[in-house]
$ cat upload38.cif   # mmCIF, C-alpha atoms and all ligand atoms
data_run
#
loop_
_atom_site.label_atom_id
_atom_site.label_comp_id
_atom_site.auth_asym_id
_atom_site.auth_seq_id
_atom_site.Cartn_x
_atom_site.Cartn_y
_atom_site.Cartn_z
CA MET W 272 1.73 -0.85 -38.86
CA THR W 273 5.01 1.04 -38.83
CA ASP W 274 8.24 -0.82 -38.25
CA LEU W 275 9.67 2.09 -36.27
CA ALA W 276 11.63 0.60 -33.35
CA PHE W 277 12.30 2.40 -30.08
CA THR W 278 15.88 2.91 -28.97
CA ARG W 279 16.32 2.87 -25.20
CA THR W 280 18.59 4.97 -23.01
CA ALA W 281 18.32 3.85 -19.41
CA ALA W 282 17.75 6.51 -16.77
CA GLU W 283 19.31 6.71 -13.38
CA ARG W 284 16.36 5.47 -11.32
CA LEU W 285 15.00 7.18 -8.26
CA PRO W 286 15.96 5.05 -5.24
CA ALA W 287 13.22 2.55 -4.36
CA ALA W 288 12.62 4.02 -0.89
CA GLU W 289 12.00 7.49 -2.37
CA ARG W 290 9.71 6.11 -5.06
CA GLU W 291 7.72 4.14 -2.51
CA ALA W 292 7.32 7.23 -0.33
CA ILE W 293 5.89 9.09 -3.37
CA LEU W 294 3.55 6.21 -4.22
CA ARG W 295 2.09 6.25 -0.72
CA ASP W 296 0.52 9.67 -1.42
CA PRO W 297 1.21 10.81 -4.99
CA GLY W 298 -1.47 13.51 -5.29
CA PHE W 299 -2.12 14.42 -8.93
CA GLY W 300 0.52 15.56 -11.42
CA ASN W 301 3.25 16.23 -8.87
CA HIS W 302 5.80 13.50 -9.58
CA PHE W 303 7.15 11.94 -12.75
CA THR W 304 8.63 8.55 -13.54
CA ASP W 305 12.22 7.85 -14.57
CA HIS W 306 11.68 7.75 -18.35
CA MET W 307 9.72 9.39 -21.14
CA ILE W 308 9.00 8.74 -24.82
CA SER W 309 10.03 10.99 -27.67
CA ILE W 310 9.27 10.59 -31.39
CA VAL W 311 10.15 13.22 -33.99
CA TRP W 312 8.18 14.12 -37.11
CA THR W 313 9.34 16.15 -40.07
CA VAL W 314 7.38 16.86 -43.21
CA ASP W 315 10.06 15.18 -45.34
CA ALA W 316 10.85 12.10 -43.24
CA GLY W 317 7.57 11.46 -41.37
CA TRP W 318 7.83 9.91 -37.89
CA HIS W 319 11.32 8.84 -36.85
CA ASP W 320 13.78 8.73 -33.94
CA ALA W 321 11.45 6.88 -31.57
CA GLU W 322 13.18 6.82 -28.20
CA VAL W 323 12.73 5.84 -24.58
CA VAL W 324 14.93 8.34 -22.75
CA PRO W 325 15.49 9.52 -19.18
CA TYR W 326 12.75 11.91 -18.01
CA GLY W 327 14.05 15.46 -18.10
CA PRO W 328 14.03 18.90 -19.70
CA ILE W 329 13.78 19.12 -23.47
CA ALA W 330 15.90 21.57 -25.43
CA MET W 331 13.78 23.84 -27.58
CA ASP W 332 14.57 26.70 -29.91
CA PRO W 333 12.95 29.91 -28.62
CA ALA W 334 11.37 30.33 -32.07
CA SER W 335 9.55 26.96 -31.84
CA SER W 336 6.00 27.28 -33.16
CA VAL W 337 4.36 25.88 -30.03
CA LEU W 338 5.80 28.70 -27.95
CA HIS W 339 4.21 31.36 -30.15
CA TYR W 340 1.03 29.98 -31.70
CA GLY W 341 0.13 27.20 -29.28
CA GLN W 342 0.18 24.38 -31.82
CA GLU W 343 -0.14 21.62 -29.23
CA ILE W 344 -2.44 18.70 -28.38
CA PHE W 345 -2.49 16.14 -25.59
CA GLU W 346 -4.19 13.09 -24.19
CA GLY W 347 -4.73 11.55 -20.75
CA LEU W 348 -5.05 7.85 -19.93
CA LYS W 349 -4.10 5.60 -17.06
CA ALA W 350 -2.32 2.35 -16.26
CA TYR W 351 -3.69 0.32 -13.35
CA ARG W 352 -2.19 -2.44 -11.24
CA ARG W 353 -4.51 -5.38 -10.72
CA PRO W 354 -4.63 -7.45 -7.51
CA ASP W 355 -2.47 -10.16 -9.15
CA GLY W 356 0.25 -7.55 -9.82
CA SER W 357 -0.33 -7.38 -13.59
CA ILE W 358 -0.67 -3.97 -15.26
CA VAL W 359 -3.36 -2.83 -17.70
CA THR W 360 -4.17 0.33 -19.62
CA PHE W 361 -7.74 1.39 -20.41
CA ARG W 362 -8.84 1.79 -24.04
CA PRO W 363 -5.53 3.26 -25.30
CA GLU W 364 -6.68 2.94 -28.90
CA ALA W 365 -9.53 5.37 -28.12
CA ASN W 366 -6.98 7.96 -27.00
CA ALA W 367 -4.88 7.24 -30.09
CA ARG W 368 -7.89 7.94 -32.29
CA ARG W 369 -8.82 11.11 -30.44
CA LEU W 370 -5.24 12.38 -30.59
CA ASN W 371 -5.47 12.14 -34.35
CA GLU W 372 -8.79 13.99 -34.42
CA SER W 373 -7.15 16.75 -32.38
CA ALA W 374 -4.09 16.63 -34.67
CA HIS W 375 -6.30 17.17 -37.69
CA ARG W 376 -7.94 20.27 -36.12
CA LEU W 377 -4.62 21.75 -35.00
CA ALA W 378 -2.89 21.01 -38.34
CA LEU W 379 -0.44 18.64 -36.67
CA PRO W 380 0.64 15.31 -38.19
CA GLU W 381 -1.36 12.19 -37.38
CA LEU W 382 0.47 9.48 -35.46
CA PRO W 383 -0.19 5.84 -36.46
CA GLU W 384 -2.51 4.45 -33.78
CA GLU W 385 -0.41 1.34 -33.25
CA LEU W 386 2.66 3.53 -32.67
CA PHE W 387 0.75 5.47 -30.02
CA VAL W 388 -0.28 2.24 -28.26
CA ARG W 389 3.26 0.87 -28.53
CA ALA W 390 4.71 4.09 -27.08
CA ILE W 391 2.39 3.77 -24.08
CA ARG W 392 3.37 0.14 -23.61
CA GLU W 393 7.11 0.96 -23.83
CA LEU W 394 6.88 3.62 -21.14
CA VAL W 395 4.67 1.67 -18.75
CA THR W 396 6.87 -1.40 -19.12
CA VAL W 397 10.15 0.40 -18.44
CA ASP W 398 8.62 2.32 -15.49
CA ALA W 399 6.38 -0.51 -14.22
CA ASP W 400 7.64 0.02 -10.65
CA TRP W 401 5.85 3.36 -10.69
CA VAL W 402 2.36 1.90 -11.16
CA PRO W 403 0.85 2.18 -7.67
CA ASN W 404 -1.52 -0.37 -6.19
CA GLY W 405 -3.42 1.71 -3.61
CA GLN W 406 -7.13 2.53 -3.58
CA ASP W 407 -7.99 5.09 -6.32
CA GLN W 408 -4.37 5.12 -7.52
CA SER W 409 -2.99 4.66 -11.01
CA LEU W 410 -0.19 5.79 -13.28
CA TYR W 411 -1.49 8.79 -15.25
CA LEU W 412 -0.04 8.91 -18.76
CA ARG W 413 0.22 12.18 -20.60
CA PRO W 414 0.93 11.82 -24.34
CA PHE W 415 1.30 15.17 -26.10
CA MET W 416 2.41 16.61 -29.42
CA ILE W 417 4.10 19.93 -29.96
CA ALA W 418 5.05 21.83 -33.11
CA ASP W 419 8.74 22.65 -32.80
CA GLU W 420 9.78 24.13 -36.10
CA SER W 421 11.85 27.27 -35.61
CA PHE W 422 9.88 29.69 -37.75
CA LEU W 423 7.76 32.71 -36.90
CA GLY W 424 5.44 32.75 -39.90
CA VAL W 425 1.89 31.73 -39.07
CA ARG W 426 1.39 28.38 -40.80
CA ALA W 427 1.33 24.73 -39.78
CA ALA W 428 4.78 23.67 -38.60
CA GLU W 429 6.83 21.24 -40.66
CA ARG W 430 8.46 19.68 -37.60
CA ALA W 431 6.75 18.23 -34.54
CA ARG W 432 7.48 15.99 -31.60
CA PHE W 433 5.32 13.45 -29.80
CA LEU W 434 6.18 12.81 -26.16
CA VAL W 435 4.73 10.71 -23.38
CA ILE W 436 5.37 11.35 -19.71
CA ALA W 437 3.93 9.46 -16.75
CA SER W 438 2.91 10.53 -13.28
CA PRO W 439 1.70 8.37 -10.38
CA ALA W 440 -1.73 9.62 -9.37
CA GLY W 441 -4.24 9.53 -6.57
CA PRO W 442 -7.61 11.33 -6.80
CA TYR W 443 -7.59 14.47 -8.99
CA PHE W 444 -9.36 16.64 -6.43
CA ALA W 445 -7.60 17.29 -3.13
CA GLY W 446 -9.68 15.69 -0.41
CA GLY W 447 -10.30 12.48 -2.38
CA VAL W 448 -13.55 11.34 -3.90
CA ARG W 449 -15.78 13.94 -2.28
CA PRO W 450 -18.62 15.84 -3.93
CA VAL W 451 -17.45 19.07 -5.56
CA SER W 452 -19.05 22.45 -6.27
CA ILE W 453 -19.38 23.90 -9.76
CA TRP W 454 -19.27 27.58 -10.79
CA LEU W 455 -21.24 28.71 -13.86
CA SER W 456 -19.02 30.91 -16.06
CA GLU W 457 -21.31 33.58 -17.50
CA GLY W 458 -19.03 36.06 -19.24
CA LEU W 459 -16.03 33.93 -20.15
CA ALA W 460 -16.33 31.17 -22.75
CA ARG W 461 -14.08 28.21 -23.50
CA ALA W 462 -15.18 27.42 -27.05
CA GLY W 463 -17.42 28.69 -29.82
CA ARG W 464 -18.99 27.22 -32.93
CA GLY W 465 -16.32 26.07 -35.38
CA GLY W 466 -13.57 26.60 -32.80
CA THR W 467 -11.29 24.06 -31.19
CA GLY W 468 -13.66 23.00 -28.38
CA ALA W 469 -13.74 19.34 -29.43
CA ALA W 470 -9.96 19.10 -29.73
CA LYS W 471 -7.81 18.27 -26.73
CA CYS W 472 -5.47 21.20 -27.21
CA GLY W 473 -3.67 23.27 -24.62
CA GLY W 474 -5.39 26.45 -25.80
CA ASN W 475 -8.79 25.24 -24.59
CA TYR W 476 -7.35 24.69 -21.14
CA ALA W 477 -5.54 28.03 -21.19
CA ALA W 478 -8.90 29.69 -21.91
CA SER W 479 -10.40 27.90 -18.90
CA LEU W 480 -7.84 29.11 -16.37
CA LEU W 481 -9.22 32.57 -15.60
CA PRO W 482 -12.81 31.25 -15.22
CA GLN W 483 -11.36 28.40 -13.15
CA ARG W 484 -9.66 30.93 -10.91
CA ILE W 485 -12.96 32.79 -10.50
CA ALA W 486 -14.61 29.46 -9.63
CA ALA W 487 -11.97 28.80 -6.99
CA ALA W 488 -12.46 32.28 -5.53
CA ASN W 489 -16.11 31.29 -5.10
CA ASP W 490 -15.24 28.04 -3.31
CA CYS W 491 -15.92 25.90 -6.38
CA GLN W 492 -13.57 23.21 -7.65
CA GLN W 493 -14.64 23.31 -11.32
CA VAL W 494 -16.07 25.80 -13.76
CA LEU W 495 -19.11 25.05 -15.98
CA PHE W 496 -19.03 26.32 -19.55
CA THR W 497 -22.11 26.88 -21.66
CA ASP W 498 -22.59 27.74 -25.27
CA SER W 499 -21.35 31.32 -25.49
CA ALA W 500 -24.41 32.58 -27.42
CA THR W 501 -27.16 31.31 -25.09
CA VAL W 502 -25.13 31.16 -21.86
CA ASP W 503 -27.55 28.36 -21.03
CA THR W 504 -26.86 25.30 -23.21
CA ILE W 505 -24.33 23.25 -21.27
CA ASP W 506 -21.02 22.32 -22.89
CA GLU W 507 -18.66 20.86 -20.28
CA LEU W 508 -16.59 21.63 -17.23
CA GLY W 509 -13.10 23.09 -17.28
CA GLY W 510 -11.45 19.67 -17.52
CA MET W 511 -14.22 17.08 -17.63
CA ASN W 512 -17.62 16.10 -19.05
CA LEU W 513 -20.91 16.45 -17.17
CA PHE W 514 -23.80 14.04 -16.51
CA LEU W 515 -27.15 14.62 -14.80
CA VAL W 516 -29.35 11.81 -13.48
CA ARG W 517 -33.13 11.97 -13.48
CA ALA W 518 -35.25 10.45 -10.70
CA ASP W 519 -36.39 7.72 -13.15
CA GLY W 520 -32.76 6.64 -13.67
CA THR W 521 -32.27 8.32 -17.06
CA LEU W 522 -28.83 9.79 -17.61
CA LEU W 523 -28.53 13.11 -19.45
CA THR W 524 -25.32 14.41 -20.98
CA PRO W 525 -24.56 17.11 -23.56
CA GLN W 526 -24.34 15.75 -27.08
CA LEU W 527 -21.05 15.99 -28.98
CA ASN W 528 -21.84 19.37 -30.50
CA GLY W 529 -18.36 20.27 -31.73
CA ASN W 530 -17.65 22.34 -28.62
CA ILE W 531 -17.01 19.53 -26.16
CA LEU W 532 -14.56 16.72 -25.75
CA ASP W 533 -15.53 13.19 -26.78
CA GLY W 534 -14.44 11.81 -23.40
CA VAL W 535 -13.36 8.17 -23.17
CA THR W 536 -14.81 8.00 -19.65
CA ARG W 537 -18.00 9.67 -20.92
CA ARG W 538 -18.33 7.10 -23.67
CA SER W 539 -17.58 4.17 -21.34
CA LEU W 540 -20.18 5.31 -18.81
CA ILE W 541 -22.84 5.65 -21.49
CA GLN W 542 -22.13 2.03 -22.42
CA LEU W 543 -22.17 0.76 -18.82
CA ALA W 544 -25.41 2.60 -18.05
CA ARG W 545 -27.12 1.26 -21.19
CA ASP W 546 -25.89 -2.26 -20.33
CA ARG W 547 -27.86 -1.92 -17.09
CA GLY W 548 -30.98 -0.83 -18.96
CA HIS W 549 -30.77 2.88 -18.16
CA ALA W 550 -31.87 5.30 -20.85
CA VAL W 551 -29.10 7.75 -21.78
CA GLU W 552 -30.01 10.96 -23.58
CA GLU W 553 -27.18 12.73 -25.42
CA ARG W 554 -28.75 16.04 -26.33
CA ASP W 555 -28.76 19.76 -25.65
CA LEU W 556 -29.10 20.34 -21.91
CA THR W 557 -29.58 23.73 -20.35
CA VAL W 558 -28.75 25.24 -16.99
CA THR W 559 -32.43 26.29 -16.87
CA GLU W 560 -33.49 22.65 -17.20
CA TRP W 561 -30.96 21.55 -14.57
CA ARG W 562 -32.12 24.20 -12.07
CA ALA W 563 -35.82 23.45 -12.70
CA GLY W 564 -35.18 19.70 -12.38
CA VAL W 565 -33.45 20.14 -9.03
CA ALA W 566 -36.29 22.39 -7.83
CA ASP W 567 -39.07 19.94 -8.75
CA GLY W 568 -37.11 16.81 -7.77
CA SER W 569 -36.90 15.32 -11.29
CA ILE W 570 -33.08 15.69 -11.46
CA THR W 571 -31.54 13.96 -8.49
CA GLU W 572 -27.82 13.56 -9.20
CA ALA W 573 -25.01 15.23 -11.10
CA PHE W 574 -21.43 14.18 -11.69
CA ALA W 575 -18.28 15.14 -13.53
CA CYS W 576 -16.27 12.53 -15.41
CA GLY W 577 -12.93 12.24 -17.13
CA THR W 578 -9.76 10.18 -17.02
CA ALA W 579 -8.29 12.32 -14.26
CA ALA W 580 -11.54 12.93 -12.38
CA VAL W 581 -12.87 9.37 -12.94
CA ILE W 582 -16.42 10.09 -11.68
CA THR W 583 -16.72 12.92 -9.20
CA PRO W 584 -20.11 13.69 -7.64
CA ILE W 585 -21.36 17.29 -7.77
CA ARG W 586 -23.06 18.75 -4.71
CA ARG W 587 -23.64 22.39 -5.65
CA LEU W 588 -24.11 24.63 -8.69
CA ALA W 589 -23.40 28.31 -8.10
CA GLY W 590 -23.06 31.44 -10.21
CA GLU W 591 -23.50 35.19 -10.02
CA GLY W 592 -26.35 35.68 -7.56
CA PHE W 593 -27.43 32.06 -7.07
CA GLU W 594 -26.40 28.90 -5.29
CA ILE W 595 -28.20 25.55 -5.48
CA ASP W 596 -27.31 22.71 -3.14
CA PHE W 597 -28.34 19.24 -4.28
CA GLY W 598 -30.07 17.22 -1.58
CA ASP W 599 -27.98 16.69 1.52
CA GLY W 600 -24.72 16.99 -0.44
CA ALA W 601 -24.06 13.23 -0.31
CA PRO W 602 -22.91 11.48 -3.52
CA GLY W 603 -25.77 10.08 -5.62
CA ALA W 604 -26.39 6.33 -5.50
CA LEU W 605 -26.21 5.78 -9.28
CA THR W 606 -23.14 8.04 -9.51
CA MET W 607 -21.28 5.93 -6.98
CA SER W 608 -22.49 2.64 -8.37
CA LEU W 609 -21.28 3.52 -11.89
CA ARG W 610 -18.02 4.71 -10.38
CA GLU W 611 -17.61 1.43 -8.55
CA GLU W 612 -18.30 -0.54 -11.73
CA LEU W 613 -15.91 1.44 -13.93
CA THR W 614 -13.07 1.47 -11.40
CA GLY W 615 -13.73 -2.23 -10.73
CA ILE W 616 -13.19 -3.01 -14.42
CA GLN W 617 -10.09 -0.84 -14.57
CA GLY W 618 -8.67 -2.32 -11.36
CA GLY W 619 -9.23 -5.92 -12.46
CA ILE W 620 -11.86 -6.86 -9.88
CA ARG W 621 -14.80 -6.83 -12.31
CA GLU W 622 -15.18 -8.58 -15.62
CA ASP W 623 -13.94 -6.59 -18.62
CA ARG W 624 -16.86 -7.66 -20.81
CA HIS W 625 -16.23 -5.04 -23.49
CA GLY W 626 -12.53 -5.88 -23.90
CA TRP W 627 -11.46 -2.39 -22.84
CA LEU W 628 -8.29 -3.41 -21.03
CA GLU W 629 -4.95 -3.79 -22.73
CA VAL W 630 -2.82 -6.13 -20.62
CA LEU W 631 0.88 -5.35 -20.60
C1 LIG C 701 -7.95 14.07 -18.18
O1 LIG C 701 -8.96 13.77 -17.55
O2 LIG C 701 -7.12 13.23 -18.52
C2 LIG C 701 -7.67 15.44 -18.55
O3 LIG C 701 -6.98 15.64 -19.49
C3 LIG C 701 -8.27 16.51 -17.71
C4 LIG C 701 -7.31 17.43 -17.06
C5 LIG C 701 -6.38 16.80 -16.10
C6 LIG C 701 -6.66 18.35 -18.01
#

$ encode --input "upload38.cif" --output "structure tokens" --more "lines below"
Ligand code: COI
Amino acid sequence: MTDLAFTRTAAERLPAAEREAILRDPGFGNHFTDHMISIVWTVDAGWHDAEVVPYGPIAMDPASSVLHYGQEIFEGLKAYRRPDGSIVTFRPEANARRLNESAHRLALPELPEELFVRAIRELVTVDADWVPNGQDQSLYLRPFMIADESFLGVRAAERARFLVIASPAGPYFAGGVRPVSIWLSEGLARAGRGGTGAAKCGGNYAASLLPQRIAAANDCQQVLFTDSATVDTIDELGGMNLFLVRADGTLLTPQLNGNILDGVTRRSLIQLARDRGHAVEERDLTVTEWRAGVADGSITEAFACGTAAVITPIRRLAGEGFEIDFGDGAPGALTMSLREELTGIQGGIREDRHGWLEVL
């Protein structure tokens, strides 16, 4: 427990009518709340200057390490408004832990977990009016850490900053919760053995942008990455984890092999599925197995999952020279039922039997 207290500088708030217009149809990542969090770290003084400040541009020296060597990590979690008006966040301590795992890999300082959770609470409390209450809506929270020492030598920075911004959100994919198409990236990889694939760092997402653009040019909403050596063993999608469902109700998902993100949604779904008695296999999965399973009817559903995507059904897998449509393109029954259960817990209409919600 640190005794670091937040100082607060009140922002000029967006007029209520304008905020309400945004909350009616926020999209994803388009609008930001009135405040943000900033905490500074230096090698000599540790974490200090914890502040709630008006949302706005940050001054940065052009020599800041993050601008040159990409020393940056981030997280994504959401705050939800329950039917009684109260606000909850979902498993923030899991994000705090993962941020520190990413920090370790990117040679950034670890942030005390309770300070992370407190920072989230500070921001959601001051900007509580921005937590929407519509179907599939939430306040998306984006904690991130950047190295901002002004120094061009290539070594871990001795100064960093942790920030949290917040953005009201509807469904991640335009068009709402509709099944999406996936493009298999064959020549372009996201991660390799011993790389940063398991860390939530900006560089992994930067590496996914060209393949993602190729996916979009082929009418696909997400790109599928495989192990770069086999181009068959499945890692994850550009910004989310992947699950397949077998006809006997078994869920299959790639094991945490060092290349993929340990998704909080992934982990929660494994728990919910096991609670229902479904077998869940975390192991190596291949595109070959997926294609064969669709062809012989033993793999019946596929979905993407993540904080932003929640659970998004997959209707098609395509790549150079092939295209496989799954069934009639309708979302799978187990996919939608798990989605309903998870969002029900998050939205306060189902029992939180695992104690995942942090009530503000
Ligand atoms: C999330 O699901 O929170 C992510 O970080 C994925 C993407 C929006 C980058």

$ residues_near_ligand --input "upload38.cif" --ligand "ligand LIG 701 (chain C)" --cutoff "6 Å" --atoms "only C-alpha atoms and all ligand atoms" --output "PDB file with C-alpha atoms, in the frame of the given file"
ATOM      1  CA  GLY W 347      -4.730  11.550 -20.750  1.00  0.00           C
ATOM      2  CA  LEU W 348      -5.050   7.850 -19.930  1.00  0.00           C
ATOM      3  CA  GLY W 510     -11.450  19.670 -17.520  1.00  0.00           C
ATOM      4  CA  MET W 511     -14.220  17.080 -17.630  1.00  0.00           C
ATOM      5  CA  GLY W 577     -12.930  12.240 -17.130  1.00  0.00           C
ATOM      6  CA  THR W 578      -9.760  10.180 -17.020  1.00  0.00           C
ATOM      7  CA  ALA W 579      -8.290  12.320 -14.260  1.00  0.00           C
ATOM      8  CA  ALA W 580     -11.540  12.930 -12.380  1.00  0.00           C
TER       9      ALA W 580
END

$ residues_around --input "upload38.cif" --residues "Thr304 in chain W" --least-positions-apart "4" --cutoff "7 Å" --atoms "only C-alpha atoms" --output "PyMOL selection string"
chain W and resi 326+398+401+437-438

$ axis_aligned_box --input "upload38.cif" --around "range 621-627 of chain W" --padding-each-side "3 Å" --output "lines of an AutoDock Vina configuration file"
center_x = -14.2
center_y = -5.5
center_z = -18.1
size_x = 11.4
size_y = 12.2
size_z = 17.6

$ closest_residue --input "upload38.cif" --among "W:Arg517, W:Thr583, W:Thr504, W:Gly446" --to "Val551 in chain W" --atoms "all atoms listed in the file"
W:Arg517

$ residues_around --input "upload38.cif" --residues "range 627-629 of chain W" --least-positions-apart "6" --cutoff "12 Å" --atoms "all atoms listed in the file" --output "PyMOL selection string"
chain W and resi 348-353+357-365+388-389+391-392+395+535-536+538-539+542-543+613-619+621

$ closest_residue --input "upload38.cif" --among "W:Glu393, W:Glu346, W:Asp332, W:Asp400" --to "Glu420 in chain W" --atoms "only C-alpha atoms"
W:Asp332

$ closest_residue --input "upload38.cif" --among "W:Ser309, W:Thr559, W:Ser608, W:Thr571" --to "Leu515 in chain W" --atoms "only C-alpha atoms"
W:Thr571

$ residues_around --input "upload38.cif" --residues "Leu275 in chain W" --least-positions-apart "6" --cutoff "9 Å" --atoms "only C-alpha atoms" --output "PDB file with C-alpha atoms, in the frame of the given file"
ATOM      1  CA  TRP W 318       7.830   9.910 -37.890  1.00  0.00           C
ATOM      2  CA  HIS W 319      11.320   8.840 -36.850  1.00  0.00           C
ATOM      3  CA  ASP W 320      13.780   8.730 -33.940  1.00  0.00           C
ATOM      4  CA  ALA W 321      11.450   6.880 -31.570  1.00  0.00           C
ATOM      5  CA  LEU W 386       2.660   3.530 -32.670  1.00  0.00           C
TER       6      LEU W 386
END

$ atom_distance --input "upload38.cif" --atom1 "CA of Lys471 in chain W" --atom2 "CA of Gly300 in chain W"
17.6 Å

$ atom_distance --input "upload38.cif" --atom1 "CA of Ile485 in chain W" --atom2 "CA of Gly590 in chain W"
10.2 Å

$ residues_near_point --input "upload38.cif" --point "(-0.8, 11.2, -35.7)" --cutoff "12 Å" --atoms "only C-alpha atoms" --output "number ranges by chain"
W: 310-312, 317-318, 344-345, 366-388, 414-417, 431-434

$ closest_residue --input "upload38.cif" --among "W:Leu605, W:Leu556, W:Leu480, W:Ala399" --to "Glu507 in chain W" --atoms "all atoms listed in the file"
W:Leu556

$ atom_distance --input "upload38.cif" --atom1 "CA of Glu594 in chain W" --atom2 "CA of Ala445 in chain W"
22.2 Å

$ residues_around --input "upload38.cif" --residues "Leu394 in chain W" --least-positions-apart "4" --cutoff "7 Å" --atoms "all atoms listed in the file" --output "NGL selection string"
:W and (306-308 or 390 or 398)

$ residues_around --input "upload38.cif" --residues "Ala418 in chain W" --least-positions-apart "5" --cutoff "7 Å" --atoms "only C-alpha atoms" --output "JSON list (two decimals) with C-alpha atoms, in the frame of the given file"
[["chain", "number", "residue", "atom", "x", "y", "z"],
["W", 335, "SER", "CA", 9.55, 26.96, -31.84],
["W", 336, "SER", "CA", 6.00, 27.28, -33.16],
["W", 337, "VAL", "CA", 4.36, 25.88, -30.03],
["W", 342, "GLN", "CA", 0.18, 24.38, -31.82],
["W", 343, "GLU", "CA", -0.14, 21.62, -29.23],
["W", 428, "ALA", "CA", 4.78, 23.67, -38.60],
["W", 430, "ARG", "CA", 8.46, 19.68, -37.60],
["W", 431, "ALA", "CA", 6.75, 18.23, -34.54],
["W", 432, "ARG", "CA", 7.48, 15.99, -31.60]]

$ closest_residue --input "upload38.cif" --among "W:Leu508, W:Ala288, W:Ile541, W:Ala281" --to "Asn475 in chain W" --atoms "only C-alpha atoms"
W:Leu508

$ build_atoms --input "upload38.cif" --residues "range 524-537 of chain W" --atoms "N, CA and C atoms" --output "PDB file, keeping the file's coordinate frame"
ATOM      1  N   THR W 524     -26.656  13.816 -20.795  1.00  0.00           N
ATOM      2  CA  THR W 524     -25.320  14.410 -20.980  1.00  0.00           C
ATOM      3  C   THR W 524     -25.309  15.206 -22.280  1.00  0.00           C
ATOM      4  N   PRO W 525     -24.596  16.334 -22.317  1.00  0.00           N
ATOM      5  CA  PRO W 525     -24.560  17.110 -23.560  1.00  0.00           C
ATOM      6  C   PRO W 525     -24.093  16.274 -24.748  1.00  0.00           C
ATOM      7  N   GLN W 526     -24.762  16.467 -25.871  1.00  0.00           N
ATOM      8  CA  GLN W 526     -24.340  15.750 -27.080  1.00  0.00           C
ATOM      9  C   GLN W 526     -23.008  16.320 -27.581  1.00  0.00           C
ATOM     10  N   LEU W 527     -22.328  15.534 -28.411  1.00  0.00           N
ATOM     11  CA  LEU W 527     -21.050  15.990 -28.980  1.00  0.00           C
ATOM     12  C   LEU W 527     -21.380  17.034 -30.047  1.00  0.00           C
ATOM     13  N   ASN W 528     -21.340  18.288 -29.636  1.00  0.00           N
ATOM     14  CA  ASN W 528     -21.840  19.370 -30.500  1.00  0.00           C
ATOM     15  C   ASN W 528     -20.707  20.137 -31.191  1.00  0.00           C
ATOM     16  N   GLY W 529     -19.494  19.576 -31.112  1.00  0.00           N
ATOM     17  CA  GLY W 529     -18.360  20.270 -31.730  1.00  0.00           C
ATOM     18  C   GLY W 529     -17.641  21.185 -30.760  1.00  0.00           C
ATOM     19  N   ASN W 530     -18.282  21.467 -29.623  1.00  0.00           N
ATOM     20  CA  ASN W 530     -17.650  22.340 -28.620  1.00  0.00           C
ATOM     21  C   ASN W 530     -17.042  21.541 -27.482  1.00  0.00           C
ATOM     22  N   ILE W 531     -17.436  20.262 -27.355  1.00  0.00           N
ATOM     23  CA  ILE W 531     -17.010  19.530 -26.160  1.00  0.00           C
ATOM     24  C   ILE W 531     -16.160  18.321 -26.537  1.00  0.00           C
ATOM     25  N   LEU W 532     -15.458  17.840 -25.544  1.00  0.00           N
ATOM     26  CA  LEU W 532     -14.560  16.720 -25.750  1.00  0.00           C
ATOM     27  C   LEU W 532     -15.334  15.397 -25.770  1.00  0.00           C
ATOM     28  N   ASP W 533     -14.957  14.538 -26.684  1.00  0.00           N
ATOM     29  CA  ASP W 533     -15.530  13.190 -26.780  1.00  0.00           C
ATOM     30  C   ASP W 533     -14.790  12.320 -25.752  1.00  0.00           C
ATOM     31  N   GLY W 534     -15.194  12.441 -24.484  1.00  0.00           N
ATOM     32  CA  GLY W 534     -14.440  11.810 -23.400  1.00  0.00           C
ATOM     33  C   GLY W 534     -14.512  10.289 -23.445  1.00  0.00           C
ATOM     34  N   VAL W 535     -13.387   9.642 -23.196  1.00  0.00           N
ATOM     35  CA  VAL W 535     -13.360   8.170 -23.170  1.00  0.00           C
ATOM     36  C   VAL W 535     -14.146   7.676 -21.956  1.00  0.00           C
ATOM     37  N   THR W 536     -14.031   8.386 -20.830  1.00  0.00           N
ATOM     38  CA  THR W 536     -14.810   8.000 -19.650  1.00  0.00           C
ATOM     39  C   THR W 536     -16.293   8.235 -19.922  1.00  0.00           C
ATOM     40  N   ARG W 537     -16.605   9.369 -20.544  1.00  0.00           N
ATOM     41  CA  ARG W 537     -18.000   9.670 -20.920  1.00  0.00           C
ATOM     42  C   ARG W 537     -18.587   8.531 -21.728  1.00  0.00           C
TER      43      ARG W 537
END
